[in-house]
>>> print(open('run30.txt').read())   # compact mmCIF, C-alpha atoms
# COMPACT_ATOMS: atom_id res chain seq x y z
CA MET M 1 46.78 -74.68 13.11
CA ALA M 2 44.70 -71.67 12.14
CA ARG M 3 45.52 -68.44 13.88
CA LYS M 4 42.78 -66.35 15.43
CA GLN M 5 42.56 -62.83 14.05
CA ASN M 6 42.97 -60.98 17.36
CA ASP M 7 45.42 -63.27 19.20
CA ASP M 8 48.11 -60.61 19.51
CA LEU M 9 45.87 -57.56 19.82
CA LEU M 10 44.44 -56.05 22.96
CA ILE M 11 40.78 -55.24 22.82
CA GLU M 12 39.92 -51.58 23.26
CA ASP M 13 38.95 -51.87 26.96
CA GLU M 14 42.17 -53.74 27.81
CA LEU M 15 44.21 -51.12 25.98
CA ALA M 16 42.50 -48.31 27.88
CA ALA M 17 42.99 -50.16 31.16
CA ALA M 18 46.70 -50.55 30.41
CA PHE M 19 47.18 -46.78 30.29
CA LEU M 20 44.52 -45.48 32.66
CA ASN M 21 43.79 -46.24 36.28
CA ASP M 22 40.23 -47.03 37.34
CA ASP M 23 39.41 -43.40 38.19
CA ASP M 24 40.63 -42.17 34.80
CA LEU M 25 38.65 -44.88 33.03
CA ALA M 26 35.46 -43.99 34.90
CA VAL M 27 35.88 -40.30 34.08
CA THR M 28 36.58 -41.08 30.41
CA GLU M 29 33.54 -43.33 30.08
CA THR M 30 31.26 -40.83 31.83
CA THR M 31 32.58 -37.82 29.95
CA THR M 32 32.44 -39.51 26.57
CA ALA M 33 28.90 -40.72 27.07
CA ALA M 34 27.52 -37.52 28.56
CA ALA M 35 29.20 -34.74 26.60
CA PRO M 36 29.88 -33.98 22.95
CA ALA M 37 33.45 -34.63 21.82
CA ASP M 38 34.53 -30.98 21.87
CA GLU M 39 33.31 -30.52 25.45
CA ALA M 40 35.07 -33.71 26.64
CA TRP M 41 38.49 -32.32 25.66
CA ASP M 42 40.49 -31.34 28.73
CA ASP M 43 42.48 -28.24 27.79
CA THR M 44 44.13 -27.73 31.19
CA GLU M 45 47.86 -27.16 31.30
CA GLU M 46 50.09 -30.11 32.18
CA GLU M 47 51.44 -30.27 35.72
CA PHE M 48 54.48 -32.37 34.80
CA PRO M 49 57.50 -31.28 32.81
CA GLY M 50 58.05 -32.72 29.35
CA GLN M 51 60.36 -35.69 29.08
CA LEU M 52 63.59 -35.31 27.16
CA ALA M 53 64.33 -38.07 24.64
CA VAL M 54 67.88 -39.44 24.82
CA ASP M 55 70.24 -41.78 23.01
CA VAL M 56 72.68 -43.70 25.21
CA TYR M 57 75.55 -45.72 23.78
CA GLU M 58 79.02 -46.82 24.69
CA THR M 59 82.37 -47.23 23.02
CA GLU M 60 85.23 -49.28 24.39
CA ASP M 61 86.18 -46.66 26.98
CA LYS M 62 83.34 -44.07 26.98
CA LEU M 63 79.63 -43.84 27.73
CA VAL M 64 77.79 -41.21 25.69
CA VAL M 65 74.36 -39.68 26.32
CA LYS M 66 72.91 -37.47 23.56
CA ALA M 67 69.72 -35.42 23.56
CA ARG M 68 68.16 -33.01 21.09
CA THR M 69 67.87 -29.71 22.87
CA ALA M 70 67.37 -27.34 19.93
CA GLY M 71 66.23 -23.93 21.10
CA VAL M 72 67.63 -24.32 24.62
CA ASN M 73 70.39 -21.98 25.78
CA LYS M 74 73.18 -23.67 27.73
CA GLU M 75 72.40 -21.27 30.60
CA GLU M 76 68.94 -22.85 30.79
CA LEU M 77 70.28 -26.42 31.05
CA ASP M 78 70.97 -28.23 34.31
CA VAL M 79 73.01 -31.44 34.08
CA SER M 80 73.90 -33.39 37.21
CA ILE M 81 75.00 -36.88 38.21
CA SER M 82 74.91 -38.64 41.56
CA ASP M 83 75.51 -42.34 42.27
CA GLY M 84 75.13 -43.32 38.61
CA ILE M 85 71.90 -41.36 38.15
CA LEU M 86 72.02 -38.66 35.44
CA THR M 87 69.51 -35.80 35.43
CA VAL M 88 69.11 -33.32 32.58
CA SER M 89 66.54 -30.56 32.91
CA GLY M 90 65.87 -27.15 31.48
CA THR M 91 63.38 -24.83 29.85
CA LEU M 92 62.50 -24.58 26.19
CA SER M 93 61.28 -21.10 25.35
CA SER M 94 59.40 -20.47 22.12
CA GLY M 95 60.78 -16.95 22.00
CA ASP M 96 57.33 -15.83 20.86
CA GLU M 97 55.28 -14.19 23.56
CA THR M 98 52.26 -13.73 21.33
CA ASP M 99 48.76 -13.50 22.74
CA ALA M 100 47.34 -16.10 20.36
CA THR M 101 43.68 -16.80 20.98
CA ASN M 102 42.99 -19.36 18.28
CA TRP M 103 45.56 -22.10 17.75
CA HIS M 104 45.15 -24.19 14.61
CA ILE M 105 48.05 -26.59 15.23
CA GLN M 106 50.27 -26.77 18.30
CA GLU M 107 52.68 -29.72 18.13
CA CYS M 108 55.84 -28.21 19.57
CA TYR M 109 56.54 -28.56 23.28
CA TRP M 110 57.45 -25.35 25.09
CA GLY M 111 58.25 -25.19 28.76
CA GLU M 112 60.14 -27.18 31.33
CA PHE M 113 61.56 -30.59 30.54
CA SER M 114 63.45 -33.16 32.57
CA ARG M 115 64.95 -36.61 32.22
CA THR M 116 66.49 -38.80 34.90
CA LEU M 117 68.08 -42.10 34.03
CA ALA M 118 70.28 -44.70 35.63
CA LEU M 119 73.47 -45.10 33.64
CA PRO M 120 73.86 -48.68 32.35
CA VAL M 121 77.58 -48.98 33.23
CA SER M 122 79.87 -47.63 35.93
CA VAL M 123 81.45 -44.30 35.00
CA LYS M 124 83.99 -41.94 36.50
CA GLU M 125 81.59 -39.22 37.63
CA ASP M 126 84.39 -36.68 38.02
CA GLU M 127 85.57 -37.21 34.43
CA VAL M 128 82.65 -35.95 32.35
CA GLU M 129 82.27 -33.55 29.46
CA ALA M 130 78.99 -31.90 28.45
CA VAL M 131 78.88 -30.06 25.13
CA LEU M 132 75.92 -28.26 23.53
CA LYS M 133 76.49 -27.93 19.78
CA ASP M 134 73.98 -27.40 16.97
CA GLY M 135 71.03 -28.17 19.25
CA VAL M 136 72.44 -31.48 20.49
CA LEU M 137 73.60 -31.98 24.07
CA SER M 138 76.37 -34.60 24.27
CA ILE M 139 77.46 -35.85 27.68
CA THR M 140 80.52 -38.09 27.61
CA PHE M 141 81.75 -40.14 30.58
CA ASN M 142 84.90 -42.22 30.98
CA LYS M 143 83.90 -45.75 31.91
CA VAL M 144 85.30 -47.48 34.97
CA LYS M 145 87.48 -50.38 33.86
CA GLN M 146 85.99 -53.62 35.05
CA GLU M 147 88.51 -56.26 36.03
CA GLN M 148 88.18 -59.61 34.37
CA ALA M 149 86.81 -62.29 36.64
CA LYS M 150 89.55 -64.42 38.18
CA LYS M 151 89.21 -68.16 38.13
CA ILE M 152 89.20 -69.58 41.64
CA GLN M 153 90.32 -73.13 42.01
CA VAL M 154 88.04 -75.22 44.19
CA LEU M 155 89.97 -77.52 46.55
>>> encode(input="run30.txt", output="structure tokens")
Amino acid sequence: MARKQNDDLLIEDELAAAFLNDDDLAVTETTTAAAPADEAWDDTEEEFPGQLAVDVYETEDKLVVKARTAGVNKEELDVSISDGILTVSGTLSSGDETDATNWHIQECYWGEFSRTLALPVSVKEDEVEAVLKDGVLSITFNKVKQEQAKKIQVL
């Protein structure tokens, strides 16, 4: 059977709808149609903190969460856990308080960041180690030993 060219692709409107709500879509369509591209750019500052990327993996007896936090002082990091929910937040300072008026490229994120995630396995919350070394935050938990299921004989 011949395969249609766009079977697995979303058309442009569906893709936009997947990421924007109806109000955003209406504003985007209106702005794009009415204003030149450079005027349509919204250069307002974000209201939400940046999201910290993490790696989470486990060994036989540990759960490890790692995050790149280069440029963050450990005094500017806040790590907490409650009921299996880990939160890491802080502030990334550029260290450069320049009064730049004409940016050519600005790809680096500076400012507040935060990440909250539910841990995938049960851990001993009081047995945790957080180490910041070479720009990588490593948080290591001891896992709670899960008992093997016991076979129950049905009478």
>>> residues_around(input="run30.txt", residues="Val64 of chain M", least_positions_apart="4", cutoff="12 Å", atoms="all atoms listed in the file", output="number ranges by chain")
M: 54-60, 86, 119-121, 123, 128-131, 137-143
>>> atom_distance(input="run30.txt", atom1="atom CA of Glu125 of chain M", atom2="atom CA of Gly111 of chain M")
28.6 Å
>>> closest_residue(input="run30.txt", among="M:Leu117, M:Ala100, M:Ile85, M:Thr69", to="Val136 of chain M", atoms="all atoms listed in the file")
M:Thr69
>>> atom_distance(input="run30.txt", atom1="atom CA of Asp61 of chain M", atom2="atom CA of Leu132 of chain M")
21.3 Å
>>> closest_residue(input="run30.txt", among="M:Glu112, M:Asp126, M:Glu107, M:Asp99", to="Ser82 of chain M", atoms="all atoms listed in the file")
M:Asp126
>>> atom_distance(input="run30.txt", atom1="atom CA of Gln51 of chain M", atom2="atom CA of Gly135 of chain M")
16.3 Å
